[in-house]
file protein.tsv (TSV, C-alpha atoms and all ligand atoms)
chain	number	residue	atom	x	y	z
T	1	MET	CA	5.35	-25.75	10.64
T	2	GLY	CA	8.01	-27.66	8.79
T	3	TYR	CA	10.35	-25.59	6.67
T	4	THR	CA	10.76	-26.18	2.95
T	5	ASN	CA	12.85	-24.63	0.19
T	6	SER	CA	11.75	-23.05	-3.06
T	7	LYS	CA	11.20	-25.16	-6.15
T	8	LEU	CA	12.37	-22.17	-8.19
T	9	VAL	CA	15.95	-23.05	-7.22
T	10	VAL	CA	18.09	-24.07	-10.22
T	11	TYR	CA	21.46	-24.11	-8.45
T	12	LYS	CA	22.31	-25.24	-4.93
T	13	LYS	CA	25.56	-24.81	-3.03
T	14	LEU	CA	25.03	-24.79	0.71
T	15	SER	CA	27.18	-22.32	2.61
T	16	PRO	CA	28.86	-23.11	5.95
T	17	ASN	CA	28.09	-19.52	6.98
T	18	HIS	CA	24.89	-19.79	9.01
T	19	SER	CA	23.72	-20.22	12.61
T	20	GLY	CA	21.80	-23.45	12.29
T	21	LYS	CA	18.07	-23.63	13.06
T	22	ARG	CA	16.05	-20.43	13.26
T	23	THR	CA	14.78	-19.40	16.66
T	24	HIS	CA	11.82	-17.49	15.17
T	25	ALA	CA	9.22	-18.47	12.59
T	26	ILE	CA	9.54	-16.84	9.17
T	27	ASP	CA	7.52	-13.63	8.92
T	28	ARG	CA	9.91	-11.34	7.04
T	29	ILE	CA	11.56	-11.19	3.64
T	30	THR	CA	14.72	-9.10	3.28
T	31	PRO	CA	15.85	-8.48	-0.32
T	32	HIS	CA	19.44	-7.25	-0.76
T	33	CYS	CA	21.55	-5.91	-3.63
T	34	VAL	CA	24.66	-7.97	-4.40
T	35	VAL	CA	26.53	-4.95	-5.80
T	36	GLY	CA	27.49	-6.82	-8.96
T	37	GLN	CA	25.87	-8.59	-11.92
T	38	CYS	CA	26.71	-12.01	-10.52
T	39	THR	CA	25.81	-15.56	-11.51
T	40	ALA	CA	24.16	-18.02	-9.11
T	41	GLU	CA	27.37	-20.09	-9.26
T	42	GLY	CA	29.64	-17.12	-8.56
T	43	LEU	CA	27.60	-16.11	-5.54
T	44	GLY	CA	27.62	-19.74	-4.38
T	45	SER	CA	31.41	-19.98	-4.42
T	46	TRP	CA	31.72	-16.65	-2.58
T	47	PHE	CA	29.39	-17.86	0.21
T	48	ALA	CA	31.12	-21.27	0.25
T	49	LYS	CA	34.26	-19.72	1.71
T	50	THR	CA	34.22	-19.53	5.51
T	51	SER	CA	36.32	-16.37	5.28
T	52	THR	CA	33.40	-14.59	3.61
T	53	GLN	CA	31.53	-14.72	6.93
T	54	ALA	CA	28.29	-13.98	5.11
T	55	SER	CA	25.48	-15.77	3.30
T	56	SER	CA	21.87	-15.50	2.22
T	57	ASN	CA	19.06	-18.00	1.95
T	58	TYR	CA	18.64	-17.32	-1.76
T	59	GLY	CA	20.34	-15.45	-4.55
T	60	ILE	CA	18.84	-14.21	-7.81
T	61	ASP	CA	21.45	-13.90	-10.53
T	62	LYS	CA	21.67	-11.51	-13.48
T	63	ASP	CA	19.64	-13.90	-15.63
T	64	GLY	CA	16.91	-14.21	-13.02
T	65	ARG	CA	18.06	-17.70	-11.92
T	66	VAL	CA	17.62	-18.67	-8.28
T	67	GLY	CA	20.41	-20.14	-6.14
T	68	LEU	CA	19.98	-21.73	-2.70
T	69	TYR	CA	22.81	-21.14	-0.21
T	70	VAL	CA	21.21	-21.46	3.22
T	71	GLU	CA	18.10	-23.59	3.64
T	72	GLU	CA	15.02	-21.74	4.85
T	73	LYS	CA	15.04	-23.68	8.14
T	74	ASN	CA	18.40	-22.10	8.98
T	75	ARG	CA	19.37	-18.55	9.91
T	76	SER	CA	21.57	-16.89	7.27
T	77	TRP	CA	24.22	-14.22	7.93
T	78	CYS	CA	22.92	-11.46	5.77
T	79	SER	CA	21.32	-8.34	7.26
T	80	SER	CA	23.70	-7.25	10.07
T	81	SER	CA	20.94	-8.11	12.53
T	82	ASN	CA	20.57	-11.37	14.41
T	83	ALA	CA	16.95	-10.55	15.28
T	84	ASN	CA	16.07	-9.90	11.65
T	85	ASP	CA	17.86	-12.89	10.15
T	86	GLN	CA	16.29	-15.27	12.68
T	87	ARG	CA	12.88	-14.52	11.17
T	88	ALA	CA	13.66	-13.38	7.64
T	89	VAL	CA	14.19	-15.17	4.38
T	90	THR	CA	17.11	-13.25	2.90
T	91	ILE	CA	17.57	-12.83	-0.85
T	92	GLU	CA	20.65	-11.41	-2.57
T	93	CYS	CA	19.72	-9.88	-5.96
T	94	ALA	CA	22.17	-9.18	-8.79
T	95	SER	CA	22.51	-5.41	-9.22
T	96	ASP	CA	24.69	-2.68	-10.63
T	97	THR	CA	27.71	-1.71	-8.56
T	98	LYS	CA	26.68	1.88	-7.85
T	99	GLU	CA	23.67	3.72	-6.44
T	100	PRO	CA	20.81	3.24	-7.21
T	101	TYR	CA	22.05	-0.38	-7.58
T	102	THR	CA	19.63	-0.99	-10.45
T	103	MET	CA	18.37	-4.54	-10.96
T	104	ASN	CA	17.38	-5.75	-14.41
T	105	SER	CA	13.84	-6.79	-15.31
T	106	LYS	CA	14.64	-10.52	-15.14
T	107	VAL	CA	15.90	-10.13	-11.57
T	108	TYR	CA	12.85	-8.16	-10.51
T	109	ALA	CA	10.43	-10.60	-12.16
T	110	THR	CA	12.08	-13.50	-10.34
T	111	LEU	CA	12.03	-11.58	-7.07
T	112	VAL	CA	8.24	-11.23	-7.38
T	113	LYS	CA	7.88	-14.97	-8.09
T	114	LEU	CA	10.21	-15.98	-5.28
T	115	CYS	CA	8.40	-13.75	-2.76
T	116	VAL	CA	5.04	-15.26	-3.82
T	117	ASP	CA	6.51	-18.73	-3.43
T	118	ILE	CA	8.04	-18.00	0.00
T	119	CYS	CA	4.75	-16.52	1.23
T	120	LYS	CA	2.71	-19.48	-0.05
T	121	ARG	CA	4.93	-22.15	1.47
T	122	ASN	CA	5.01	-20.31	4.78
T	123	GLY	CA	1.24	-19.83	4.99
T	124	LYS	CA	1.15	-16.09	4.22
T	125	LYS	CA	-1.53	-14.36	2.18
T	126	LYS	CA	-0.15	-10.83	2.24
T	127	LEU	CA	3.22	-9.17	1.85
T	128	LEU	CA	3.44	-5.74	3.50
T	129	TRP	CA	5.84	-2.86	3.04
T	130	ILE	CA	5.88	-0.37	5.89
T	131	SER	CA	8.44	2.28	4.96
T	132	ASN	CA	8.72	3.75	8.45
T	133	LYS	CA	11.50	1.77	10.08
T	134	SER	CA	10.32	1.86	13.68
T	135	LYS	CA	6.73	1.13	12.69
T	136	ALA	CA	7.85	-1.78	10.57
T	137	LEU	CA	10.14	-3.26	13.21
T	138	ASN	CA	7.52	-2.88	15.93
T	139	TYR	CA	4.75	-4.27	13.78
T	140	VAL	CA	3.46	-7.67	14.84
T	141	PRO	CA	2.42	-9.43	11.63
T	142	LYS	CA	-0.85	-11.34	11.71
T	143	SER	CA	-0.48	-15.07	11.17
T	144	ASP	CA	-1.11	-14.70	7.42
T	145	GLU	CA	1.14	-11.66	6.92
T	146	MET	CA	4.76	-11.37	5.81
T	147	ILE	CA	6.61	-8.06	5.97
T	148	LEU	CA	9.50	-6.65	3.99
T	149	THR	CA	12.55	-5.33	5.82
T	150	VAL	CA	15.75	-3.74	4.50
T	151	HIS	CA	19.43	-4.07	5.37
T	152	ARG	CA	19.84	-0.26	5.58
T	153	TRP	CA	17.80	-0.28	8.80
T	154	PHE	CA	20.45	-2.38	10.53
T	155	ALA	CA	23.71	-1.09	9.08
T	156	ASN	CA	25.10	2.10	7.62
T	157	LYS	CA	24.61	1.12	3.98
T	158	SER	CA	22.23	1.73	1.11
T	159	CYS	CA	21.22	-1.92	0.62
T	160	PRO	CA	18.97	-2.87	-1.18
T	161	GLY	CA	19.82	0.34	-3.11
T	162	ASN	CA	17.42	3.11	-4.03
T	163	TRP	CA	16.25	1.36	-7.19
T	164	LEU	CA	14.65	-1.52	-5.31
T	165	TYR	CA	13.88	0.51	-2.19
T	166	SER	CA	11.62	2.80	-4.21
T	167	ARG	CA	9.78	-0.22	-5.61
T	168	LEU	CA	9.11	-2.11	-2.39
T	169	GLY	CA	5.55	-0.79	-2.15
T	170	LYS	CA	4.86	-2.03	-5.65
T	171	LEU	CA	6.57	-5.33	-4.92
T	172	ALA	CA	4.37	-5.88	-1.85
T	173	THR	CA	1.21	-5.00	-3.78
T	174	GLU	CA	2.11	-7.23	-6.68
T	175	VAL	CA	3.00	-10.21	-4.50
T	176	THR	CA	-0.16	-9.80	-2.43
T	177	LYS	CA	-2.22	-9.61	-5.59
T	178	GLN	CA	-0.72	-12.83	-6.89
T	179	LEU	CA	-1.42	-14.45	-3.53
T	180	GLY	CA	-5.04	-13.64	-4.27
T	181	SER	CA	-5.99	-11.77	-1.13
T	182	SER	CA	-5.29	-8.22	-2.34
T	183	THR	CA	-7.87	-5.84	-0.88
T	184	ALA	CA	-10.62	-8.25	-1.82
T	185	SER	CA	-12.52	-7.25	1.28
T	186	GLY	CA	-12.82	-3.63	0.14
T	187	LEU	CA	-15.90	-1.88	-1.21
T	188	LYS	CA	-16.64	-2.32	-4.92
T	189	ALA	CA	-18.23	0.64	-6.68
T	190	SER	CA	-20.52	-1.84	-8.43
T	191	SER	CA	-22.33	-2.26	-5.10
T	192	LEU	CA	-23.33	1.43	-5.25
T	193	LYS	CA	-25.03	1.12	-8.63
T	194	ASP	CA	-28.63	0.86	-7.44
T	195	LEU	CA	-28.39	3.02	-4.33
T	196	SER	CA	-29.89	6.51	-3.95
T	197	ASP	CA	-27.47	9.45	-3.71
T	198	ALA	CA	-28.12	9.72	0.04
T	199	ASP	CA	-27.47	6.01	0.56
T	200	VAL	CA	-24.22	6.16	-1.41
T	201	ILE	CA	-22.99	8.93	0.89
T	202	LYS	CA	-23.95	6.91	3.97
T	203	LYS	CA	-22.11	3.92	2.59
T	204	VAL	CA	-18.83	5.64	1.66
T	205	GLY	CA	-18.75	8.45	4.27
T	206	ALA	CA	-16.82	6.44	6.85
T	207	LEU	CA	-14.18	5.54	4.26
T	208	PHE	CA	-13.38	9.24	3.86
T	209	THR	CA	-13.29	9.81	7.60
T	210	ALA	CA	-10.84	6.92	7.89
T	211	ASP	CA	-8.75	8.37	5.05
T	212	MET	CA	-8.64	11.81	6.71
T	213	LYS	CA	-7.13	10.23	9.83
T	214	LYS	CA	-4.27	8.94	7.72
T	215	SER	CA	-3.86	11.71	5.15
T	216	GLY	CA	-4.93	14.87	7.00
T	217	ILE	CA	-7.05	15.89	4.01
T	218	LEU	CA	-10.61	17.03	4.85
T	219	ALA	CA	-13.05	14.14	4.36
T	220	SER	CA	-15.78	16.59	3.29
T	221	VAL	CA	-13.67	17.84	0.38
T	222	SER	CA	-12.50	14.41	-0.80
T	223	LEU	CA	-16.07	13.09	-0.51
T	224	ALA	CA	-17.36	16.03	-2.56
T	225	GLN	CA	-14.71	15.28	-5.19
T	226	PHE	CA	-15.86	11.66	-5.18
T	227	ILE	CA	-19.48	12.74	-5.74
T	228	LEU	CA	-18.62	15.23	-8.45
T	229	GLU	CA	-16.15	13.08	-10.33
T	230	SER	CA	-17.76	9.67	-10.07
T	231	GLY	CA	-21.41	10.78	-10.10
T	232	TYR	CA	-22.06	9.14	-6.71
T	233	GLY	CA	-19.90	6.17	-7.68
T	234	LYS	CA	-21.96	5.47	-10.79
T	235	SER	CA	-19.65	6.70	-13.55
T	236	GLU	CA	-18.30	4.23	-16.09
T	237	LEU	CA	-14.82	4.63	-14.62
T	238	ALA	CA	-16.01	3.92	-11.06
T	239	GLN	CA	-18.21	1.00	-12.05
T	240	LYS	CA	-15.63	-0.65	-14.30
T	241	ALA	CA	-12.39	0.23	-12.51
T	242	ASN	CA	-13.28	1.45	-8.96
T	243	ASN	CA	-11.61	4.67	-10.10
T	244	CYS	CA	-13.65	7.37	-8.39
T	245	PHE	CA	-11.47	10.41	-9.10
T	246	GLY	CA	-10.61	10.11	-12.76
T	247	MET	CA	-6.99	9.32	-11.92
T	248	LYS	CA	-5.14	8.80	-15.17
T	249	LYS	CA	-2.40	6.22	-15.65
T	250	SER	CA	0.18	8.98	-15.74
T	251	LEU	CA	-0.39	12.56	-14.71
T	252	SER	CA	1.83	14.83	-16.75
T	253	GLY	CA	4.89	16.12	-14.97
T	254	ASN	CA	3.89	14.64	-11.63
T	255	THR	CA	5.68	12.12	-9.49
T	256	TRP	CA	4.68	11.14	-6.01
T	257	SER	CA	5.30	8.41	-3.49
T	258	GLY	CA	2.94	6.23	-1.50
T	259	SER	CA	0.71	5.18	-4.40
T	260	VAL	CA	-1.26	1.99	-3.76
T	261	TRP	CA	-1.95	1.54	-7.46
T	262	ASP	CA	-0.17	-1.55	-8.85
T	263	GLY	CA	1.38	0.46	-11.69
T	264	LYS	CA	-0.14	-1.51	-14.53
T	265	SER	CA	-3.90	-2.11	-14.26
T	266	VAL	CA	-5.68	0.35	-16.54
T	267	TYR	CA	-9.06	1.08	-18.08
T	268	THR	CA	-9.11	2.94	-21.39
T	269	LYS	CA	-11.88	5.36	-22.32
T	270	LYS	CA	-12.71	8.62	-24.06
T	271	THR	CA	-12.80	11.73	-21.90
T	272	LYS	CA	-13.70	15.40	-22.31
T	273	GLU	CA	-11.44	18.15	-21.09
T	274	GLN	CA	-12.33	21.82	-20.82
T	275	ASN	CA	-9.97	24.33	-22.43
T	276	LYS	CA	-9.04	27.70	-20.98
T	277	ASP	CA	-11.58	29.39	-23.28
T	278	GLY	CA	-14.35	27.14	-21.98
T	279	SER	CA	-14.60	24.88	-25.04
T	280	TYR	CA	-14.19	21.09	-24.83
T	281	THR	CA	-11.80	18.61	-26.44
T	282	THR	CA	-12.34	14.83	-26.46
T	283	ILE	CA	-9.30	12.58	-25.94
T	284	THR	CA	-8.73	8.85	-25.36
T	285	ALA	CA	-6.83	8.09	-22.17
T	286	ASP	CA	-5.69	5.26	-19.90
T	287	PHE	CA	-7.08	5.45	-16.38
T	288	ARG	CA	-5.98	3.58	-13.27
T	289	LYS	CA	-7.89	0.47	-12.28
T	290	TYR	CA	-8.17	-0.43	-8.57
T	291	PRO	CA	-9.41	-3.50	-6.68
T	292	SER	CA	-11.58	-1.36	-4.37
T	293	VAL	CA	-12.96	2.11	-3.65
T	294	GLU	CA	-10.67	2.31	-0.60
T	295	ASP	CA	-7.64	1.94	-2.88
T	296	SER	CA	-8.96	4.69	-5.13
T	297	ILE	CA	-9.40	7.03	-2.14
T	298	ALA	CA	-5.93	6.20	-0.80
T	299	ASP	CA	-4.26	6.79	-4.17
T	300	HIS	CA	-6.09	10.09	-4.65
T	301	SER	CA	-4.90	11.31	-1.24
T	302	ALA	CA	-1.34	10.12	-1.89
T	303	TYR	CA	-1.43	12.12	-5.12
T	304	LEU	CA	-2.74	15.30	-3.44
T	305	LEU	CA	-0.07	15.05	-0.74
T	306	GLY	CA	2.85	14.22	-2.96
T	307	ALA	CA	2.33	15.69	-6.44
T	308	LYS	CA	4.94	18.23	-7.44
T	309	ASN	CA	5.20	20.98	-9.98
T	310	GLY	CA	8.94	21.22	-10.51
T	311	SER	CA	10.33	21.14	-7.00
T	312	LYS	CA	7.21	22.67	-5.43
T	313	LYS	CA	4.32	20.70	-3.93
T	314	ARG	CA	1.27	21.28	-6.09
T	315	TYR	CA	-1.16	21.27	-3.20
T	316	ALA	CA	0.95	22.74	-0.40
T	317	GLY	CA	-1.14	23.59	2.66
T	318	LEU	CA	-3.83	21.01	1.96
T	319	LYS	CA	-2.75	18.58	4.67
T	320	GLY	CA	-4.24	19.79	7.95
T	321	CYS	CA	-6.34	22.53	6.29
T	322	LYS	CA	-9.57	22.77	8.32
T	323	GLU	CA	-11.67	25.00	6.04
T	324	TYR	CA	-13.28	23.29	3.11
T	325	LYS	CA	-13.50	26.45	0.96
T	326	LYS	CA	-9.80	27.04	1.34
T	327	ALA	CA	-8.98	23.35	0.73
T	328	ALA	CA	-11.10	23.30	-2.43
T	329	LYS	CA	-9.26	26.37	-3.71
T	330	ILE	CA	-5.84	24.82	-3.00
T	331	ILE	CA	-6.90	21.80	-5.06
T	332	LYS	CA	-8.13	23.89	-7.99
T	333	ASP	CA	-5.14	26.26	-7.89
T	334	GLY	CA	-2.73	23.31	-7.89
T	335	GLY	CA	-4.11	22.37	-11.28
T	336	TYR	CA	-6.21	19.36	-10.27
T	337	ALA	CA	-9.23	20.19	-12.41
T	338	THR	CA	-9.68	21.94	-15.71
T	339	SER	CA	-13.30	22.96	-15.05
T	340	LEU	CA	-13.53	26.69	-14.42
T	341	THR	CA	-16.29	26.32	-11.81
T	342	TYR	CA	-14.68	23.46	-9.86
T	343	VAL	CA	-14.41	25.19	-6.46
T	344	ASP	CA	-18.04	26.38	-6.51
T	345	LYS	CA	-19.26	22.95	-7.46
T	346	LEU	CA	-17.36	21.25	-4.62
T	347	CYS	CA	-18.56	23.76	-2.03
T	348	SER	CA	-22.20	23.49	-3.02
T	349	ILE	CA	-22.05	19.68	-2.78
T	350	ILE	CA	-20.50	19.93	0.69
T	351	GLU	CA	-23.25	22.32	1.78
T	352	LYS	CA	-26.09	20.39	0.19
T	353	TRP	CA	-25.21	17.12	1.92
T	354	LYS	CA	-23.65	18.64	5.08
T	355	LEU	CA	-20.51	16.64	4.37
T	356	THR	CA	-18.52	18.31	7.15
T	357	GLN	CA	-20.19	15.76	9.46
T	358	TYR	CA	-17.61	13.29	8.08
T	359	ASP	CA	-14.64	15.47	8.99
T	360	VAL	CA	-12.58	14.38	11.98
T	361	LYS	CA	-13.23	16.77	14.83
T	362	SER	CA	-10.00	17.32	16.68
T	363	GLY	CA	-9.81	17.38	20.44
T	364	SER	CA	-13.55	17.07	21.10
T	365	SER	CA	-14.11	13.38	21.64
T	366	SER	CA	-12.43	11.69	24.55
T	367	LYS	CA	-11.52	8.18	23.51
T	368	LYS	CA	-13.30	5.26	25.11
T	369	SER	CA	-11.54	2.03	25.99
T	370	ILE	CA	-12.06	-1.12	23.95
T	371	ASP	CA	-13.84	-2.71	26.92
T	372	THR	CA	-16.25	0.21	27.28
T	373	LEU	CA	-17.00	0.12	23.57
T	374	ALA	CA	-17.46	-3.64	23.57
T	375	LYS	CA	-20.01	-3.32	26.39
T	376	GLU	CA	-21.82	-0.57	24.46
T	377	VAL	CA	-21.87	-2.74	21.34
T	378	ILE	CA	-23.37	-5.63	23.32
T	379	ALA	CA	-25.94	-3.23	24.77
T	380	GLY	CA	-26.95	-2.36	21.20
T	381	LYS	CA	-25.68	1.23	21.14
T	382	TRP	CA	-23.70	0.83	17.91
T	383	GLY	CA	-26.19	-1.09	15.76
T	384	ASN	CA	-25.41	-4.28	13.88
T	385	GLY	CA	-23.33	-5.55	10.99
T	386	GLU	CA	-22.21	-3.00	8.43
T	387	GLU	CA	-23.84	-0.13	10.34
T	388	ARG	CA	-21.84	-0.99	13.45
T	389	LYS	CA	-18.62	-1.11	11.45
T	390	GLN	CA	-19.30	2.26	9.83
T	391	LYS	CA	-20.30	4.01	13.05
T	392	LEU	CA	-17.28	2.78	14.98
T	393	THR	CA	-14.91	3.60	12.12
T	394	ALA	CA	-16.41	7.06	11.67
T	395	ALA	CA	-16.02	7.71	15.40
T	396	GLY	CA	-12.33	6.90	15.05
T	397	TYR	CA	-12.30	3.45	16.63
T	398	ASP	CA	-10.71	0.24	15.43
T	399	TYR	CA	-13.75	-1.83	14.49
T	400	ASN	CA	-11.83	-5.12	14.32
T	401	ALA	CA	-10.36	-4.66	17.79
T	402	VAL	CA	-13.74	-3.82	19.29
T	403	GLN	CA	-15.47	-6.70	17.54
T	404	LYS	CA	-12.77	-9.09	18.69
T	405	ARG	CA	-13.36	-8.01	22.32
T	406	VAL	CA	-17.14	-8.36	21.84
T	407	ASN	CA	-16.65	-11.90	20.60
T	408	GLU	CA	-14.40	-12.69	23.57
T	409	MET	CA	-16.94	-11.29	26.02
T	410	LEU	CA	-19.75	-13.27	24.45
T	411	SER	CA	-17.90	-16.56	24.15
T	501	ZN	ZN	22.42	-6.17	2.17

call {"tool": "encode", "arguments": {"input": "protein.tsv", "output": "structure tokens"}}
result
Amino acid sequence: MGYTNSKLVVYKKLSPNHSGKRTHAIDRITPHCVVGQCTAEGLGSWFAKTSTQASSNYGIDKDGRVGLYVEEKNRSWCSSSNANDQRAVTIECASDTKEPYTMNSKVYATLVKLCVDICKRNGKKKLLWISNKSKALNYVPKSDEMILTVHRWFANKSCPGNWLYSRLGKLATEVTKQLGSSTASGLKASSLKDLSDADVIKKVGALFTADMKKSGILASVSLAQFILESGYGKSELAQKANNCFGMKKSLSGNTWSGSVWDGKSVYTKKTKEQNKDGSYTTITADFRKYPSVEDSIADHSAYLLGAKNGSKKRYAGLKGCKEYKKAAKIIKDGGYATSLTYVDKLCSIIEKWKLTQYDVKSGSSSKKSIDTLAKEVIAGKWGNGEERKQKLTAAGYDYNAVQKRVNEMLS
């Protein structure tokens, strides 16, 4: 693919500080903090000096203007890592001079635009943020994926500063959304509208099993919460906003990390809350809106794992808890629900539908190889279409990997 430069550029001063042509195709974006509220011109003259021995592909100045210093086809000297800079588009962003190296709203808005533009021109449909350094650096992006990396992984510094670092998840989500691929492939609650209760459970069960593998929260309990709070996915909030757990825009006094919610999409409605004396009060509130049920499940789990009350985790002990009665009590005691009979309700739903069948059983199943599974799929042991996907996912296998092997074997 031929390399191009961004049309967002309003100032260009090419720096002599670069290594010539890249040796690796672009599949990373590395945003940095300048450590100063610079102008595009000021940054340009700094990089123009050979004594600076540094550069970046782009700079975003304090007014959100974009400067070009090293063309995208060339490798900039920016992230203290040859391997990273060979494949990354590097962007210096005007920031404060001290931790958390805050960037103003113009800078951030331009960063979103520039990332969208870089992804588009380089054939990418998704921008990913993987906060675990070794996972991120070992991740092999698919041909349509771009990943974010940070200077602090390669040198003993804070760059891009904690202000931007804490927003990289949001940045990735926002850019991906603008690229139009979001989680468009996920399940929409609207598809549950005409299904029986039993069919809804069959349809979403595997999603909770998959979530438990990531979060460590019992699938049976989260699934029971889903049933109770979304009325089998048929509540107004679920149907209109894929919000299956009544997650409000902001939850008083709580902060947590790992949210997949984009931070701005909301659905406003009236809601009833039960008081300590059992009476009800009606309030109007903003609720989170998600592109899919999967996102709602992921955000709910991130909340349960990360929500704090002061410095204490609200739901300590929930991750890894293997008894649903105990898990339900941890959730109620942490202040999740105002209903006085919440624990009993959850437990009776779990028992009625035997939801523990969706919990991940540890140590029992010995894993089969992809080849073995592919042969079983071809022999018809895993059903077809959606059923096959659900069964394989519920059994803890990577459906896409198995299906890929099946296709190879059949071609
Ligand atoms: Zn840096």

call {"tool": "residues_around", "arguments": {"input": "protein.tsv", "residues": "Gly67 of chain T", "least_positions_apart": "2", "cutoff": "6 Å", "atoms": "all atoms listed in the file", "output": "ChimeraX atom specification"}}
result
/T:9,11-12,40,58-59

call {"tool": "closest_residue", "arguments": {"input": "protein.tsv", "among": "T:Asn5, T:Asn162, T:Gln403, T:Thr356", "to": "Ile378 of chain T", "atoms": "all atoms listed in the file"}}
result
T:Gln403

call {"tool": "residues_around", "arguments": {"input": "protein.tsv", "residues": "Trp261 of chain T", "least_positions_apart": "4", "cutoff": "10 Å", "atoms": "all atoms listed in the file", "output": "PyMOL selection string"}}
result
chain T and resi 169-170+173-174+249+265-266+288-291+295-296+298-300

call {"tool": "residues_around", "arguments": {"input": "protein.tsv", "residues": "Lys389 of chain T", "least_positions_apart": "3", "cutoff": "12 Å", "atoms": "only C-alpha atoms", "output": "mmCIF file with C-alpha atoms, in the frame of the given file"}}
result
data_model
loop_
_atom_site.group_PDB
_atom_site.id
_atom_site.type_symbol
_atom_site.label_atom_id
_atom_site.label_comp_id
_atom_site.auth_asym_id
_atom_site.auth_seq_id
_atom_site.Cartn_x
_atom_site.Cartn_y
_atom_site.Cartn_z
ATOM 1 C CA LYS T 203 -22.110 3.920 2.590
ATOM 2 C CA VAL T 204 -18.830 5.640 1.660
ATOM 3 C CA GLY T 205 -18.750 8.450 4.270
ATOM 4 C CA ALA T 206 -16.820 6.440 6.850
ATOM 5 C CA LEU T 207 -14.180 5.540 4.260
ATOM 6 C CA ALA T 210 -10.840 6.920 7.890
ATOM 7 C CA VAL T 377 -21.870 -2.740 21.340
ATOM 8 C CA TRP T 382 -23.700 0.830 17.910
ATOM 9 C CA GLY T 383 -26.190 -1.090 15.760
ATOM 10 C CA ASN T 384 -25.410 -4.280 13.880
ATOM 11 C CA GLY T 385 -23.330 -5.550 10.990
ATOM 12 C CA GLU T 386 -22.210 -3.000 8.430
ATOM 13 C CA LEU T 392 -17.280 2.780 14.980
ATOM 14 C CA THR T 393 -14.910 3.600 12.120
ATOM 15 C CA ALA T 394 -16.410 7.060 11.670
ATOM 16 C CA ALA T 395 -16.020 7.710 15.400
ATOM 17 C CA GLY T 396 -12.330 6.900 15.050
ATOM 18 C CA TYR T 397 -12.300 3.450 16.630
ATOM 19 C CA ASP T 398 -10.710 0.240 15.430
ATOM 20 C CA TYR T 399 -13.750 -1.830 14.490
ATOM 21 C CA ASN T 400 -11.830 -5.120 14.320
ATOM 22 C CA ALA T 401 -10.360 -4.660 17.790
ATOM 23 C CA VAL T 402 -13.740 -3.820 19.290
ATOM 24 C CA GLN T 403 -15.470 -6.700 17.540
#

call {"tool": "residues_near_ligand", "arguments": {"input": "protein.tsv", "ligand": "ligand ZN 501 (chain T)", "cutoff": "9 Å", "atoms": "all atoms listed in the file", "output": "mmCIF file with C-alpha atoms, in the coordinates of the input"}}
result
data_model
loop_
_atom_site.group_PDB
_atom_site.id
_atom_site.type_symbol
_atom_site.label_atom_id
_atom_site.label_comp_id
_atom_site.auth_asym_id
_atom_site.auth_seq_id
_atom_site.Cartn_x
_atom_site.Cartn_y
_atom_site.Cartn_z
ATOM 1 C CA THR T 30 14.720 -9.100 3.280
ATOM 2 C CA PRO T 31 15.850 -8.480 -0.320
ATOM 3 C CA HIS T 32 19.440 -7.250 -0.760
ATOM 4 C CA CYS T 33 21.550 -5.910 -3.630
ATOM 5 C CA VAL T 34 24.660 -7.970 -4.400
ATOM 6 C CA CYS T 78 22.920 -11.460 5.770
ATOM 7 C CA SER T 79 21.320 -8.340 7.260
ATOM 8 C CA SER T 80 23.700 -7.250 10.070
ATOM 9 C CA THR T 90 17.110 -13.250 2.900
ATOM 10 C CA ILE T 91 17.570 -12.830 -0.850
ATOM 11 C CA GLU T 92 20.650 -11.410 -2.570
ATOM 12 C CA VAL T 150 15.750 -3.740 4.500
ATOM 13 C CA HIS T 151 19.430 -4.070 5.370
ATOM 14 C CA ARG T 152 19.840 -0.260 5.580
ATOM 15 C CA ALA T 155 23.710 -1.090 9.080
ATOM 16 C CA LYS T 157 24.610 1.120 3.980
ATOM 17 C CA SER T 158 22.230 1.730 1.110
ATOM 18 C CA CYS T 159 21.220 -1.920 0.620
ATOM 19 C CA PRO T 160 18.970 -2.870 -1.180
ATOM 20 C CA GLY T 161 19.820 0.340 -3.110
#

call {"tool": "atom_distance", "arguments": {"input": "protein.tsv", "atom1": "atom CA of Gly231 of chain T", "atom2": "atom CA of Ala198 of chain T"}}
result
12.2 Å

call {"tool": "closest_residue", "arguments": {"input": "protein.tsv", "among": "T:Asn242, T:Thr284, T:Thr110, T:Gln357", "to": "Leu171 of chain T", "atoms": "only C-alpha atoms"}}
result
T:Thr110

call {"tool": "atom_distance", "arguments": {"input": "protein.tsv", "atom1": "atom CA of Trp163 of chain T", "atom2": "atom CA of Met103 of chain T"}}
result
7.3 Å
